[in-house]
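Asker: mmCIF, C-alpha atoms, saved as query07.cif, coming up:
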data_run
loop_
_atom_site.label_atom_id
_atom_site.label_comp_id
_atom_site.auth_asym_id
_atom_site.auth_seq_id
_atom_site.Cartn_x
_atom_site.Cartn_y
_atom_site.Cartn_z
CA MET K 139 -29.61 -12.02 25.36
CA LEU K 140 -30.99 -8.56 24.59
CA ARG K 141 -27.50 -7.03 24.88
CA ARG K 142 -26.13 -9.63 22.43
CA LEU K 143 -28.93 -8.89 19.95
CA ILE K 144 -28.20 -5.14 20.14
CA VAL K 145 -24.50 -5.81 19.40
CA ILE K 146 -25.36 -7.98 16.38
CA VAL K 147 -27.83 -5.41 14.97
CA THR K 148 -25.37 -2.55 15.53
CA ALA K 149 -22.59 -4.48 13.78
CA ALA K 150 -24.90 -5.27 10.87
CA ILE K 151 -25.83 -1.58 10.50
CA LEU K 152 -22.18 -0.51 10.62
CA PHE K 153 -21.18 -3.15 8.04
CA SER K 154 -24.09 -2.17 5.79
CA GLY K 155 -23.07 1.47 6.04
CA SER K 156 -19.46 0.77 5.20
CA LEU K 157 -20.55 -1.39 2.25
CA THR K 158 -22.76 1.42 0.94
CA LEU K 159 -19.91 3.86 1.35
CA ALA K 160 -17.56 1.50 -0.52
CA GLN K 161 -20.08 1.16 -3.33
CA THR K 162 -20.72 4.89 -3.69
CA LYS K 163 -17.09 5.96 -3.41
CA LYS K 164 -15.35 5.41 -6.76
CA PRO K 165 -12.00 3.65 -6.51
CA LYS K 166 -8.98 5.65 -7.64
CA PRO K 167 -7.76 4.47 -11.04
CA LEU K 168 -4.44 2.71 -10.93
CA ASP K 169 -1.56 4.55 -12.56
CA LYS K 170 -0.72 1.94 -15.20
CA PHE K 171 1.63 4.20 -17.07
CA PRO K 172 3.93 6.05 -14.68
CA PRO K 173 5.46 9.21 -16.14
CA SER K 174 8.84 8.88 -17.79
CA PRO K 175 11.66 9.73 -15.38
CA LEU K 176 13.18 11.72 -18.23
CA GLU K 177 10.25 14.15 -18.14
CA ILE K 178 10.39 15.06 -14.42
CA THR K 179 10.61 18.86 -13.99
CA THR K 180 11.34 19.18 -10.28
CA PRO K 181 14.17 21.61 -9.41
CA ASP K 182 17.68 20.16 -9.42
CA PRO K 183 20.56 21.60 -7.33
CA LEU K 184 22.87 21.34 -10.35
CA LEU K 185 20.71 23.81 -12.29
CA PRO K 186 20.98 27.56 -11.67
CA ARG K 187 17.18 27.88 -11.95
CA SER K 188 14.00 25.78 -12.18
CA PRO K 189 13.67 23.42 -15.16
CA LYS K 190 10.27 25.03 -15.83
CA ASP K 191 12.10 28.24 -16.66
CA LYS K 192 12.43 28.09 -20.43
CA GLN K 193 15.37 30.47 -20.51
CA PRO K 194 18.40 28.60 -21.93
CA LEU K 195 21.60 28.33 -19.93
CA THR K 196 24.40 30.71 -20.73
CA LEU K 197 27.63 29.31 -22.16
CA GLN K 198 29.31 29.76 -18.78
CA GLU K 199 26.48 27.89 -17.03
CA GLN K 200 26.72 25.05 -19.57
CA GLN K 201 30.46 24.79 -19.06
CA LYS K 202 29.90 24.51 -15.33
CA LEU K 203 27.14 21.91 -15.70
CA GLU K 204 28.95 19.57 -18.12
CA PRO K 205 31.66 18.21 -15.75
CA ALA K 206 29.00 17.69 -13.06
CA LEU K 207 27.02 15.54 -15.50
CA ASP K 208 30.14 13.59 -16.45
CA ALA K 209 30.59 12.89 -12.74
CA LEU K 210 26.99 11.60 -12.55
CA ASN K 211 27.71 9.26 -15.45
CA GLN K 212 30.77 7.87 -13.64
CA GLU K 213 28.79 7.49 -10.41
CA ALA K 214 26.04 5.56 -12.22
CA ALA K 215 28.59 3.30 -13.91
CA ALA K 216 30.14 2.53 -10.50
CA LYS K 217 26.69 1.68 -9.08
CA LEU K 218 26.01 -0.69 -11.96
CA GLN K 219 29.38 -2.35 -11.54
CA ALA K 220 28.59 -2.82 -7.85
CA GLY K 221 25.38 -4.61 -8.84
CA ASP K 222 22.87 -1.87 -7.98
CA GLN K 223 21.14 -1.49 -11.35
CA VAL K 224 18.11 0.42 -10.00
CA ALA K 225 20.24 3.11 -8.38
CA ALA K 226 22.47 3.28 -11.46
CA PHE K 227 19.60 4.10 -13.81
CA GLU K 228 18.10 6.58 -11.34
CA ILE K 229 21.38 8.50 -11.54
CA TRP K 230 21.60 8.12 -15.32
CA ASN K 231 18.03 9.38 -15.69
CA ARG K 232 18.94 12.43 -13.67
CA GLU K 233 21.95 12.99 -15.90
CA LEU K 234 19.79 12.59 -19.02
CA ARG K 235 17.19 15.08 -17.73
CA LEU K 236 19.94 17.63 -17.24
CA ARG K 237 21.78 16.89 -20.51
CA ARG K 238 18.99 18.49 -22.49
CA PHE K 239 20.12 21.86 -21.08
CA LEU K 240 23.36 21.40 -23.08
CA GLY K 241 21.50 21.15 -26.39
CA SER K 242 19.91 18.43 -28.53
CA LEU K 243 23.16 16.91 -29.80
CA ALA K 244 24.63 16.47 -26.31
CA GLU K 245 21.34 14.99 -25.10
CA VAL K 246 21.04 12.54 -28.01
CA GLN K 247 24.63 11.35 -27.55
CA ALA K 248 23.96 10.75 -23.84
CA LEU K 249 20.67 8.98 -24.60
CA SER K 250 22.54 6.82 -27.10
CA ARG K 251 25.17 5.88 -24.51
CA VAL K 252 22.70 5.04 -21.75
CA GLY K 253 20.35 3.34 -24.22
CA ALA K 254 23.10 0.91 -25.21
CA ILE K 255 23.67 0.08 -21.53
CA ALA K 256 19.92 -0.34 -20.88
CA TRP K 257 19.64 -2.75 -23.81
CA LYS K 258 22.63 -4.75 -22.61
CA GLN K 259 21.12 -4.92 -19.11
CA ASN K 260 17.79 -6.05 -20.60
CA ASP K 261 15.97 -3.08 -19.05
CA GLY K 262 13.02 -2.82 -21.42
CA GLN K 263 11.30 0.01 -19.55
CA GLU K 264 14.39 2.22 -19.65
CA VAL K 265 14.85 1.46 -23.36
CA LYS K 266 11.23 2.55 -23.89
CA TYR K 267 11.74 5.84 -22.04
CA ILE K 268 14.89 6.61 -24.03
CA THR K 269 13.25 5.72 -27.35
CA GLN K 270 10.30 7.99 -26.59
CA ARG K 271 12.63 10.86 -25.75
CA LEU K 272 14.61 10.31 -28.97
CA GLN K 273 11.38 10.43 -30.96
CA ALA K 274 10.41 13.71 -29.26
CA ILE K 275 13.79 15.23 -30.19
CA GLN K 276 13.43 13.94 -33.76
CA LYS K 277 9.97 15.45 -34.06
CA GLN K 278 11.29 18.80 -32.88
CA ALA K 279 14.24 18.60 -35.31
CA GLN K 280 11.87 17.78 -38.18
CA SER K 281 9.82 20.88 -37.49
CA GLN K 282 12.95 23.02 -37.63
CA LYS K 283 14.83 21.53 -40.57
CA THR K 284 14.63 22.43 -44.23
CA THR K 285 15.74 20.19 -47.09
CA ALA K 286 18.72 22.40 -47.78
CA GLN K 287 19.87 22.77 -44.21
CA ILE K 288 19.77 20.13 -41.48
CA ASP K 289 22.07 19.33 -38.59
CA LEU K 290 23.80 16.28 -40.08
CA GLU K 291 25.62 15.43 -36.86
CA LEU K 292 22.38 15.49 -34.87
CA TRP K 293 20.55 13.24 -37.35
CA ARG K 294 23.47 10.82 -37.57
CA SER K 295 23.52 10.70 -33.76
CA LEU K 296 19.78 10.04 -33.70
CA GLY K 297 20.27 7.15 -36.13
CA GLN K 298 23.06 5.68 -34.01
CA ALA K 299 21.00 6.09 -30.84
CA TYR K 300 18.08 4.21 -32.41
CA GLN K 301 20.51 1.47 -33.41
CA ASN K 302 21.73 1.25 -29.81
CA VAL K 303 18.18 0.68 -28.55
CA ARG K 304 17.54 -1.79 -31.40
CA SER K 305 14.95 0.22 -33.32
CA PRO K 306 16.17 -0.29 -36.90
CA LYS K 307 13.12 1.21 -38.60
CA LEU K 308 13.43 4.43 -36.60
CA ALA K 309 17.16 4.47 -37.33
CA VAL K 310 16.48 4.32 -41.09
CA GLU K 311 14.01 7.21 -40.72
CA ALA K 312 16.76 9.25 -39.06
CA TYR K 313 19.38 8.36 -41.66
CA ASP K 314 17.15 9.07 -44.70
CA PRO K 315 17.45 12.90 -44.50
CA VAL K 316 21.22 12.55 -44.04
CA LEU K 317 21.41 10.45 -47.20
CA LEU K 318 19.35 13.03 -49.08
CA VAL K 319 21.73 15.84 -48.11
CA VAL K 320 24.96 13.99 -48.88
CA ARG K 321 23.51 13.05 -52.27
CA GLN K 322 22.83 16.72 -52.96
CA GLN K 323 26.38 17.51 -51.88
CA LYS K 324 27.66 14.80 -54.29
CA ASN K 325 29.73 13.41 -51.42
CA THR K 326 30.20 9.87 -52.78
CA THR K 327 32.11 8.61 -49.74
CA ALA K 328 29.36 9.76 -47.37
CA VAL K 329 26.67 8.33 -49.69
CA VAL K 330 28.36 4.91 -49.69
CA GLU K 331 28.76 4.88 -45.90
CA MET K 332 25.13 5.89 -45.40
CA LEU K 333 23.86 3.29 -47.89
CA LYS K 334 25.92 0.58 -46.18
CA THR K 335 24.45 1.50 -42.80
CA ILE K 336 20.88 1.60 -44.15
CA GLY K 337 21.39 -1.68 -46.03
CA GLU K 338 22.59 -3.47 -42.90
CA LEU K 339 19.64 -2.09 -40.93
CA HIS K 340 17.16 -3.44 -43.51
CA LEU K 341 18.88 -6.83 -43.36
CA SER K 342 18.80 -6.83 -39.55
CA TRP K 343 15.03 -6.37 -39.79
CA PHE K 344 14.78 -9.05 -42.55
CA ASP K 345 13.34 -6.39 -44.84
CA TYR K 346 14.86 -7.88 -47.99
CA PRO K 347 12.72 -5.96 -50.52
CA LYS K 348 14.04 -2.65 -49.13
CA ALA K 349 17.60 -3.97 -48.76
CA ALA K 350 17.85 -5.08 -52.41
CA PRO K 351 17.80 -1.64 -54.12
CA VAL K 352 20.28 -0.31 -51.54
CA TYR K 353 22.83 -3.01 -52.37
CA GLU K 354 22.12 -2.71 -56.09
CA GLU K 355 23.09 0.96 -55.84
CA LEU K 356 26.18 0.13 -53.80
CA LEU K 357 27.14 -2.47 -56.41
CA GLY K 358 26.78 0.09 -59.18
CA LEU K 359 28.98 2.57 -57.33
CA ALA K 360 31.64 -0.06 -56.56
CA THR K 361 31.68 -1.27 -60.19
CA SER K 362 32.01 2.27 -61.56
CA GLU K 363 34.92 2.94 -59.18
CA GLY K 364 36.60 -0.39 -59.98
CA GLU K 365 36.48 -1.50 -56.33
CA ARG K 366 36.59 -5.25 -56.87
CA GLY K 367 36.58 -6.19 -53.18
CA ASN K 368 33.47 -4.14 -52.44
CA GLU K 369 31.86 -5.37 -55.65
CA VAL K 370 32.21 -8.97 -54.47
CA THR K 371 30.83 -8.09 -51.02
CA TYR K 372 27.72 -6.44 -52.47
CA LEU K 373 27.18 -9.28 -54.95
CA GLN K 374 27.30 -11.75 -52.06
CA ARG K 375 24.76 -9.68 -50.12
CA LEU K 376 22.47 -9.53 -53.15
CA ALA K 377 22.81 -13.27 -53.77
CA TYR K 378 21.65 -13.88 -50.19
CA ILE K 379 18.78 -11.37 -50.51
CA TYR K 380 17.48 -12.83 -53.79
CA GLU K 381 17.76 -16.35 -52.39
CA GLN K 382 15.67 -15.34 -49.37
CA THR K 383 13.06 -13.62 -51.55
CA LYS K 384 12.92 -16.53 -54.03
CA GLN K 385 13.87 -14.46 -57.09
CA PRO K 386 15.81 -16.95 -59.25
CA GLN K 387 16.13 -14.62 -62.24
CA GLN K 388 17.72 -11.85 -60.18
CA SER K 389 19.77 -14.40 -58.27
CA LEU K 390 21.20 -15.83 -61.50
CA LYS K 391 22.36 -12.42 -62.66
CA VAL K 392 24.25 -11.87 -59.42
CA LEU K 393 25.66 -15.40 -59.13
CA ASN K 394 26.92 -15.47 -62.72
CA LYS K 395 28.65 -12.13 -62.18
CA LEU K 396 30.30 -13.52 -59.04
CA ALA K 397 31.42 -16.63 -60.93
CA GLU K 398 33.00 -14.46 -63.65
CA ILE K 399 34.97 -12.51 -61.04
CA TYR K 400 36.18 -15.66 -59.25
CA VAL K 401 37.29 -17.29 -62.51
CA SER K 402 39.08 -14.13 -63.62
CA GLU K 403 40.93 -14.09 -60.29
CA ASN K 404 41.57 -17.86 -60.46
CA ASN K 405 39.70 -18.24 -57.16
CA LEU K 406 38.28 -21.66 -58.00
CA THR K 407 37.51 -22.67 -54.42
CA GLU K 408 34.31 -20.60 -54.55
CA ILE K 409 33.12 -22.06 -57.86
CA PRO K 410 31.53 -25.39 -56.79
CA GLU K 411 29.14 -23.77 -54.32
CA LEU K 412 28.32 -21.00 -56.80
CA LYS K 413 27.65 -23.46 -59.61
CA LEU K 414 25.36 -25.47 -57.36
CA ALA K 415 23.35 -22.32 -56.57
CA ILE K 416 23.24 -21.33 -60.26
CA ALA K 417 22.07 -24.81 -61.29
CA SER K 418 19.39 -24.79 -58.59
CA ASN K 419 18.02 -21.47 -59.88
CA TYR K 420 17.97 -22.75 -63.46
CA GLU K 421 16.15 -25.86 -62.26
CA SER K 422 13.57 -23.66 -60.57
CA LEU K 423 13.09 -21.52 -63.70
CA ALA K 424 12.87 -24.66 -65.87
CA LYS K 425 9.43 -25.31 -64.38
CA GLU K 426 8.25 -22.46 -66.60
CA ASP K 427 10.77 -22.90 -69.43
CA SER K 428 12.01 -26.48 -69.96
CA ASN K 429 14.82 -25.24 -72.24
CA LEU K 430 16.64 -24.03 -69.13
CA LEU K 431 17.09 -27.62 -67.92
CA LEU K 432 20.21 -27.87 -70.07
CA GLU K 433 21.74 -24.99 -68.12
CA ALA K 434 20.87 -26.74 -64.86
CA PHE K 435 22.58 -29.96 -66.02
CA LYS K 436 25.60 -28.04 -67.26
CA ASN K 437 26.13 -26.16 -64.00
CA TYR K 438 25.69 -29.24 -61.80
CA GLN K 439 28.31 -30.99 -63.93
CA GLU K 440 30.67 -28.00 -63.64
CA ALA K 441 30.14 -27.94 -59.87
CA TYR K 442 31.11 -31.62 -59.68
CA THR K 443 34.10 -31.31 -62.03
CA THR K 444 35.60 -28.30 -60.24
CA ALA K 445 35.04 -29.81 -56.79
CA TRP K 446 36.74 -33.06 -57.90
CA GLN K 447 39.72 -31.11 -59.27
CA LEU K 448 39.99 -29.28 -55.94
CA LYS K 449 39.66 -32.61 -54.09
CA GLU K 450 36.55 -31.27 -52.37
CA TYR K 451 34.89 -34.66 -52.48
CA VAL K 452 32.02 -33.81 -50.14
CA ARG K 453 31.00 -30.91 -52.39
CA ALA K 454 31.52 -33.12 -55.46
CA GLY K 455 29.19 -35.70 -53.94
CA GLU K 456 26.58 -33.03 -53.29
CA ALA K 457 26.70 -31.93 -56.92
CA LEU K 458 26.34 -35.53 -58.12
CA GLN K 459 23.34 -36.10 -55.86
CA LYS K 460 21.64 -33.05 -57.39
CA LEU K 461 22.55 -34.22 -60.88
CA ILE K 462 21.21 -37.73 -60.25
CA ALA K 463 17.93 -36.36 -58.87
CA LEU K 464 17.55 -34.18 -61.96
CA TYR K 465 18.27 -37.12 -64.29
CA ARG K 466 15.68 -39.23 -62.47
CA SER K 467 13.07 -36.48 -62.63
CA GLN K 468 13.50 -36.46 -66.41
CA GLY K 469 13.35 -40.28 -66.69
CA GLN K 470 17.00 -40.51 -67.75
CA THR K 471 17.79 -43.72 -65.85
CA ASP K 472 20.96 -44.59 -67.79
CA GLU K 473 22.53 -41.22 -67.07
CA ALA K 474 21.42 -41.43 -63.44
CA LEU K 475 23.09 -44.84 -63.12
CA GLN K 476 26.35 -43.58 -64.63
CA ALA K 477 26.38 -40.62 -62.26
CA SER K 478 25.60 -42.94 -59.32
CA GLN K 479 28.62 -45.11 -60.14
CA ILE K 480 30.78 -41.98 -60.10
CA LEU K 481 29.12 -41.00 -56.81
CA VAL K 482 30.33 -44.29 -55.26
CA GLN K 483 33.93 -43.37 -56.14
CA THR K 484 33.43 -39.84 -54.84
CA GLU K 485 31.97 -40.91 -51.49
CA ALA K 486 34.77 -43.44 -51.12
CA GLN K 487 37.34 -40.67 -51.68
CA ALA K 488 35.55 -38.55 -49.09
CA ALA K 489 35.52 -41.52 -46.69
CA ASN K 490 31.80 -40.77 -46.30
CA PHE K 491 30.54 -44.27 -45.52
CA TYR K 492 27.01 -43.16 -44.81
CA GLY K 493 26.92 -41.39 -48.21
CA LEU K 494 28.46 -44.50 -49.81
CA MET K 495 25.71 -46.65 -48.30
CA GLN K 496 23.07 -44.30 -49.72
CA ALA K 497 24.77 -44.37 -53.13
CA TYR K 498 24.52 -48.17 -53.25
CA ASP K 499 20.86 -47.93 -52.25
CA GLN K 500 20.31 -45.46 -55.09
CA ILE K 501 22.02 -47.77 -57.58
CA GLY K 502 19.90 -50.68 -56.36
CA GLN K 503 16.70 -48.67 -56.84
CA LEU K 504 17.73 -47.64 -60.35
CA TYR K 505 18.46 -51.25 -61.32
CA LEU K 506 15.10 -52.25 -59.88
CA GLU K 507 13.42 -49.71 -62.15
CA ARG K 508 15.13 -51.41 -65.11
CA LYS K 509 14.21 -54.86 -63.70
CA GLU K 510 17.88 -55.83 -63.68
CA PHE K 511 17.60 -57.85 -60.49
CA PRO K 512 21.12 -59.39 -60.23
CA GLN K 513 22.71 -55.95 -60.43
CA ALA K 514 20.18 -54.56 -57.93
CA LEU K 515 20.91 -57.46 -55.56
CA THR K 516 24.66 -56.78 -55.72
CA ALA K 517 24.13 -53.10 -54.95
CA PHE K 518 21.88 -53.80 -51.95
CA GLN K 519 24.33 -56.41 -50.61
CA LYS K 520 27.13 -53.84 -50.69
CA GLY K 521 24.79 -51.39 -48.99
CA LEU K 522 24.05 -54.00 -46.28
CA GLU K 523 27.76 -54.52 -45.62
CA LEU K 524 28.14 -50.80 -44.95
CA ALA K 525 24.91 -50.71 -42.91
CA GLN K 526 26.26 -53.49 -40.68
CA GLN K 527 29.51 -51.56 -40.15
CA LEU K 528 27.57 -48.39 -39.33
CA LYS K 529 24.91 -50.29 -37.37
CA HIS K 530 22.31 -48.30 -39.26
CA GLU K 531 19.52 -49.25 -41.70
CA GLU K 532 20.41 -52.97 -41.52
CA ALA K 533 16.77 -54.05 -41.51
CA TYR K 534 16.06 -51.84 -44.55
CA PHE K 535 18.78 -53.40 -46.70
CA THR K 536 17.88 -56.90 -45.53
CA GLY K 537 14.31 -56.21 -46.64
CA GLN K 538 15.45 -54.92 -50.04
CA ILE K 539 17.58 -58.02 -50.58
CA GLU K 540 14.62 -60.31 -49.75
CA LYS K 541 12.38 -58.30 -52.07
CA VAL K 542 14.84 -58.53 -54.97
CA SER K 543 15.53 -62.23 -54.36
CA LYS K 544 11.81 -63.02 -54.58
CA ALA K 545 11.40 -60.89 -57.71
CA ASN K 546 14.39 -62.67 -59.31
CA LEU K 547 12.86 -66.12 -58.87
#
Would you kindly transcribe this structure into structure tokens?
Answerer:
Amino acid sequence: MLRRLIVIVTAAILFSGSLTLAQTKKPKPLDKFPPSPLEITTPDPLLPRSPKDKQPLTLQEQQKLEPALDALNQEAAAKLQAGDQVAAFEIWNRELRLRRFLGSLAEVQALSRVGAIAWKQNDGQEVKYITQRLQAIQKQAQSQKTTAQIDLELWRSLGQAYQNVRSPKLAVEAYDPVLLVVRQQKNTTAVVEMLKTIGELHLSWFDYPKAAPVYEELLGLATSEGERGNEVTYLQRLAYIYEQTKQPQQSLKVLNKLAEIYVSENNLTEIPELKLAIASNYESLAKEDSNLLLEAFKNYQEAYTTAWQLKEYVRAGEALQKLIALYRSQGQTDEALQASQILVQTEAQAANFYGLMQAYDQIGQLYLERKEFPQALTAFQKGLELAQQLKHEEAYFTGQIEKVSKANL
């Protein structure tokens, strides 16, 4: 019994001591952010001296190193193809660490290449390491550049690399100094190409306010050079931008210009959709200025007329629906009824039986508003016939017919 008690007491003392030791000894902090593999400075057998030695490689040493790095790239690609992604990026990271000894441009181009692969492989950590390294190179380049003299190829490569790792805002930052220089050089071709790239980047980030002035400038350049194809492209981009940013006044300017071009080229197939968009913008502006309602009516009518001529009956029906809704909003029941009768013909031509059913419903509702019950009943009965064929909304039309029949008693 005594021996057992001694064992228990001894164990308790030992446990208490270990607990005290655990409490007094501070735990080592976990390394949440491991260092970037691109910043490792351990010696590499491919280098003639330690990476910590800041002395640059001679031209001969660079020429010897380059094919060895190309071989590493091929080895990494083979590993990835074989399904060993971890080993592949370990090799690529080694290549990238060594590429910096060939100069900033060579390093950025390699980072760009591997960054594109990392993004495609959904390797977010690798993309982060590469982006951080690109930013470090950019910062260094910024400290060295002057407005009059920058390495255009390096900055273009930085922009492309940021694009490859899907960092559009950083890409625009890299392209901005390039744009500034080519402007100063009055190199119109380079300016246009740079603006197009920047414009697309803003759109990819849904930054419409910044995209708009870029495309406005491109439009001005295309117009001055008489480049009709590019002019249309930029007008289309601007129409989309102003639609997204709910700027009907700006949108109208662009859409009307597009309509003029299409008419001048006898490209009428684009007109119905354009006229619908123009009418919609006028309708929106008419909330502040009722005089603009006439323009909305006119453009909806032109959308319908052109679509009918082109035998685009679905588009014609869409224009009539908009026109009818506008008539009804203004209390113009007679005009709405006339347009609805035309809509019936249009939906029949389009073989759009669902749309035809809705047209009869609309006619019935309009006749109800005028308390012309026999005409309303006829319209709902025709709607019911279509509903029965489609096996859709039968109960609704049956209910409308009962309602009208009671009201007509």
Asker: With only C-alpha atoms as the atoms that count, which of K:Gln459, K:Asp222, K:Ile336, K:Leu176 lies nearest to Phe435 of chain K?
Answerer: K:Gln459
Asker: Which distance in Å separates atom CA of Ala279 of chain K and atom CA of Arg238 of chain K, to one decimal?
Answerer: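 The value is 13.7 Å.
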Asker: One decimal, in Å: what's the spacing between atom CA of Leu396 of chain K and atom CA of Tyr353 of chain K?
Answerer: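 Calculated distance between atom CA of Leu396 of chain K and atom CA of Tyr353 of chain K is 14.5 Å.
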Asker: Name the residues that the PyMOL selection byres ((chain K and resi 235) around 10) pulls out of this structure, and write them as number ranges by chain.
Answerer: K: 175-179, 182, 189, 229-234, 236-239, 245, 249
Asker: Write the selection just made, keeping C-alpha atoms, as a PDB file, in the frame of the given file?
Answerer:
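Result file is result-v5.pdb:
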ATOM      1  CA  PRO K 175      11.660   9.730 -15.380  1.00  0.00           C
ATOM      2  CA  LEU K 176      13.180  11.720 -18.230  1.00  0.00           C
ATOM      3  CA  GLU K 177      10.250  14.150 -18.140  1.00  0.00           C
ATOM      4  CA  ILE K 178      10.390  15.060 -14.420  1.00  0.00           C
ATOM      5  CA  THR K 179      10.610  18.860 -13.990  1.00  0.00           C
ATOM      6  CA  ASP K 182      17.680  20.160  -9.420  1.00  0.00           C
ATOM      7  CA  PRO K 189      13.670  23.420 -15.160  1.00  0.00           C
ATOM      8  CA  ILE K 229      21.380   8.500 -11.540  1.00  0.00           C
ATOM      9  CA  TRP K 230      21.600   8.120 -15.320  1.00  0.00           C
ATOM     10  CA  ASN K 231      18.030   9.380 -15.690  1.00  0.00           C
ATOM     11  CA  ARG K 232      18.940  12.430 -13.670  1.00  0.00           C
ATOM     12  CA  GLU K 233      21.950  12.990 -15.900  1.00  0.00           C
ATOM     13  CA  LEU K 234      19.790  12.590 -19.020  1.00  0.00           C
ATOM     14  CA  LEU K 236      19.940  17.630 -17.240  1.00  0.00           C
ATOM     15  CA  ARG K 237      21.780  16.890 -20.510  1.00  0.00           C
ATOM     16  CA  ARG K 238      18.990  18.490 -22.490  1.00  0.00           C
ATOM     17  CA  PHE K 239      20.120  21.860 -21.080  1.00  0.00           C
ATOM     18  CA  GLU K 245      21.340  14.990 -25.100  1.00  0.00           C
ATOM     19  CA  LEU K 249      20.670   8.980 -24.600  1.00  0.00           C
TER      20      LEU K 249
END
Asker: What separation in Å, quoted to one decimal, exists between atom CA of Ile416 of chain K and atom CA of Ala441 of chain K?
Answerer: 9.6 Å
Asker: Could you tell me which residues the PyMOL selection byres ((chain K and resi 376) around 8) grabs in this file, written as JSON, numbers by chain?
Answerer: {"K": [350, 353, 354, 372, 373, 374, 375, 377, 378, 379, 380, 389, 392]}
Asker: Let me know the residues the PyMOL selection byres ((chain K and resi 438) around 7) catches in the file above, as a ChimeraX atom specification.
Answerer: /K:413-414,417,434-437,439-442,457,461
Asker: Which of these, K:Gln323, K:Asn211, K:Gln503, K:Ser188, has the shortest distance to Thr516 of chain K once you count only C-alpha atoms?
Answerer: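 Residue with the minimum atom-to-atom distance to Thr516 of chain K: K:Gln503.
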